[in-house]
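Single-structure report; data block below.
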Amino acid sequence: MPEGHTIHRAARDHHRAFAGQKLSISSPQGRFSDGACLLNAQICETVEAFGKHLVYMFQNKLALHIHLGLFGKIRKLPLPLKSPKGAVRVRMASTTHFVDINGPTICEVLNQEEIDALINRLGPDVLRPDANPEVSFQKIQQSGLPIGRLIMDQSIIAGIGNIYRTEILWRQAIHPEIPGRAISRQAFDRIWDDAAYLLAIGVKKNAIITVDEKINSKKRSGEKYNIFGKASCPKCGEGLRRLEINKRRAFVCETCQPLLNHIN
DNA sequence: TTGATTGTTACCGG
DNA sequence: TCCGGTAACAATCA
């Protein structure tokens with residue numbers, strides 16, 4: 001479910017609905033009872049996203065930290081409360097709405113120090129205006145690992161997931177197996193800018209859409225991805241190569257994304 | 001029941 | 001230190 005856009009969208013939405021309100025926090029399946037007790041009936045101050053991490057800050061200086069992992073889900077609905085659908089770990093309710101969180105890999109209460117540590121171990125988040133891309137570029141330039149790995153490493157750039165990885169590199173004509181240290185500053189800037197652009201589209205549309213024609217039209221029809229999960233390249237028509245990067249599927253068009261030593 | 005899936009971390013070994 | 005590999009965990013759906 002989540003790449004960075006999902007979490008940022010939820011943060012924005014939940015902040016609007018919950019900031020300044022006293023929340024009733026419960027653990028319907030009893031799998032987060034201790035944490036829910038620490039936060040129940042506290043006033044929510046902010047809801048913020050850091051990469052794929054969602055953080056609800058409360059007035060007692062404790063925070064709820066959520067990471068959805070591969071298949072966690074967030075649902076927000078207007079009251080009245082409905083019976084939990086599936087395995088709901090934690091439920092938060094104001095006087096108008098409630099949020100259910102299903103299947104997160106991380107669901108924990110952190111203090112301020114722990115939140116700081118979390119933020120510090122993440123790289124700059126392409127969706128945050130305060131992000132400094134220079135930090136990401138330095139790390140990429142010092143690494144011999146393939147760029148396809150590096151841009152999905154959350155300690156280097158926060159927010160990009162598996163689908164965006166393949167799509168961004170195709171859009172920028174950069175082969176995923178080029179080592180980080182061979183990526184020029186200009187090529188890095190194109191990756192960063194395109195990531196920021198596409199993730200922002202994702203926040204707005206609540207979907208991963210990387211095909212320009214679809215981004216710029218209101219139609220519901222049309223392909224959402226250029227090459228992810230596809231057999232051939234929409235630009236040149238050649239067959240795509242399927243590969244695995246860290247056990248995750250990836251795609252490349254060897255014609256449009258040549259494996260060069262130097263990228264301009 | 002099996003497999004696949006928009007993710008991450010810990011740990012071991014070279 | 002860097003890097004690859006593996007396992008573990010999470011929930012749902014076809």
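Residues are referred to by chain and number: the chain letter is A, B, ... according to the order shown in the structure tokens, the number counts from 1 in that chain, and ligands are numbered separately from 1 in the order shown.
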Contact residues around region 3-11 of chain C with only C-alpha atoms (C1' of nucleotides) at 8 Å, ignoring same-chain residues under 4 positions, as JSON, numbers by chain: {"A": [69, 70, 71, 72, 87, 102, 103, 104, 105]}
Restricting it to N, CA and C atoms, dump the selection as a CSV table (one decimal), in the first residue's frame.
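Result file part-v2.csv:
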chain,number,residue,atom,x,y,z
A,69,GLY,N,4.5,-0.7,6.5
A,69,GLY,CA,5.1,-1.9,5.9
A,69,GLY,C,4.6,-2.1,4.5
A,70,LEU,N,4.6,-3.4,4.1
A,70,LEU,CA,4.2,-3.7,2.7
A,70,LEU,C,2.6,-3.7,2.5
A,71,PHE,N,1.9,-4.1,3.6
A,71,PHE,CA,0.5,-4.2,3.3
A,71,PHE,C,-0.4,-3.6,4.4
A,72,GLY,N,0.1,-2.7,5.2
A,72,GLY,CA,-0.7,-2.1,6.2
A,72,GLY,C,-1.7,-1.1,5.5
A,87,ALA,N,-8.0,-6.9,10.8
A,87,ALA,CA,-7.2,-6.9,12.0
A,87,ALA,C,-6.8,-5.4,12.3
A,102,ASN,N,-4.7,-0.9,10.1
A,102,ASN,CA,-4.6,-2.3,9.9
A,102,ASN,C,-3.2,-2.7,9.5
A,103,GLY,N,-2.7,-3.8,10.2
A,103,GLY,CA,-1.5,-4.4,9.7
A,103,GLY,C,-0.2,-3.6,9.6
A,104,PRO,N,0.0,-2.7,10.5
A,104,PRO,CA,1.3,-1.9,10.4
A,104,PRO,C,2.4,-2.8,10.9
A,105,THR,N,3.6,-2.7,10.3
A,105,THR,CA,4.8,-3.4,10.9
A,105,THR,C,5.3,-2.7,12.1
Near-Asn60 (chain A) list (12 Å; only C-alpha atoms (C1' of nucleotides); drop same-chain fewer than 6 positions) as a PyMOL selection string: chain A and resi 22+38-45+109-112
Produce a file of the selected residues containing N, CA and C atoms, as an mmCIF file, in the first residue's frame.
data_model
loop_
_atom_site.group_PDB
_atom_site.id
_atom_site.type_symbol
_atom_site.label_atom_id
_atom_site.label_comp_id
_atom_site.auth_asym_id
_atom_site.auth_seq_id
_atom_site.Cartn_x
_atom_site.Cartn_y
_atom_site.Cartn_z
ATOM 1 N N LYS A 22 -9.141 16.215 21.446
ATOM 2 C CA LYS A 22 -8.906 15.099 22.355
ATOM 3 C C LYS A 22 -9.381 13.815 21.673
ATOM 4 N N LEU A 38 -1.530 4.623 27.073
ATOM 5 C CA LEU A 38 -0.660 5.791 27.243
ATOM 6 C C LEU A 38 -1.190 7.015 26.518
ATOM 7 N N LEU A 39 -1.951 6.787 25.461
ATOM 8 C CA LEU A 39 -2.355 7.910 24.605
ATOM 9 C C LEU A 39 -3.837 8.254 24.708
ATOM 10 N N ASN A 40 -4.618 7.372 25.263
ATOM 11 C CA ASN A 40 -6.060 7.596 25.275
ATOM 12 C C ASN A 40 -6.429 8.896 25.993
ATOM 13 N N ALA A 41 -7.386 9.609 25.401
ATOM 14 C CA ALA A 41 -7.916 10.865 25.969
ATOM 15 C C ALA A 41 -6.891 11.986 25.995
ATOM 16 N N GLN A 42 -5.849 11.858 25.182
ATOM 17 C CA GLN A 42 -4.877 12.946 25.049
ATOM 18 C C GLN A 42 -5.257 13.837 23.870
ATOM 19 N N ILE A 43 -4.787 15.079 23.951
ATOM 20 C CA ILE A 43 -5.021 15.995 22.834
ATOM 21 C C ILE A 43 -3.930 15.805 21.780
ATOM 22 N N CYS A 44 -4.365 15.628 20.559
ATOM 23 C CA CYS A 44 -3.431 15.477 19.435
ATOM 24 C C CYS A 44 -2.968 16.857 18.991
ATOM 25 N N GLU A 45 -1.664 17.048 18.953
ATOM 26 C CA GLU A 45 -1.146 18.364 18.556
ATOM 27 C C GLU A 45 -0.869 18.451 17.062
ATOM 28 N N VAL A 109 4.584 3.591 20.770
ATOM 29 C CA VAL A 109 4.595 4.910 21.394
ATOM 30 C C VAL A 109 6.047 5.317 21.604
ATOM 31 N N LEU A 110 6.396 6.514 21.142
ATOM 32 C CA LEU A 110 7.764 7.010 21.289
ATOM 33 C C LEU A 110 7.771 8.330 22.049
ATOM 34 N N ASN A 111 8.883 8.594 22.761
ATOM 35 C CA ASN A 111 9.056 9.918 23.367
ATOM 36 C C ASN A 111 9.791 10.824 22.392
ATOM 37 N N GLN A 112 9.970 12.071 22.801
ATOM 38 C CA GLN A 112 10.552 13.048 21.879
ATOM 39 C C GLN A 112 11.943 12.645 21.397
#
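What chain B places within 9 Å of chain A, counting only C-alpha atoms (C1' of nucleotides), is DT5, DT6, DG7 and DT8 of chain B.
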From A:Ala117, A:Pro133, A:Val88, A:Ile147, residue lying nearest chain C [only C-alpha atoms (C1' of nucleotides)]: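 Of A:Ala117, A:Pro133, A:Val88, A:Ile147, the one nearest chain C is A:Val88, counting only C-alpha atoms (C1' of nucleotides).
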Alpha helix (DSSP H) positions in region 33-233 of chain A, given as a ChimeraX atom specification: /A:33-39,112-121,133-141,147-150,162-171,185-205,212-215
Distance of CA of Gly144 (chain A) from CA of Pro179 (chain A), expressed in Å to one decimal place: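 About the pair CA of Pro179 (chain A) and CA of Gly144 (chain A): they are 5.0 Å apart.
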Counting only C-alpha atoms (C1' of nucleotides), the residue of A:Ala36, A:Ile101, A:Leu81, A:Leu169 that sits nearest chain C: A:Ile101
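Between CA of Leu118 (chain A) and CA of His5 (chain A) lies a distance of 18.7 Å.
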Coordinates-based distance that separates CA of Lys205 (chain A) from CA of Ser83 (chain A) (Å, one decimal):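 The value is 28.0 Å.
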DSSP-assigned strand (DSSP E) among region 19-264 of chain A, expressed as a VMD selection string: chain A and resid 22 to 26 42 to 50 53 to 58 62 to 67 73 to 78 88 to 93 97 to 102 106 to 111 241 to 245 248 to 252
Spatial neighbours of region 229-244 of chain A, 9 Å, only C-alpha atoms (C1' of nucleotides), chain gap at least 6 places, as number ranges by chain: A: 250-256
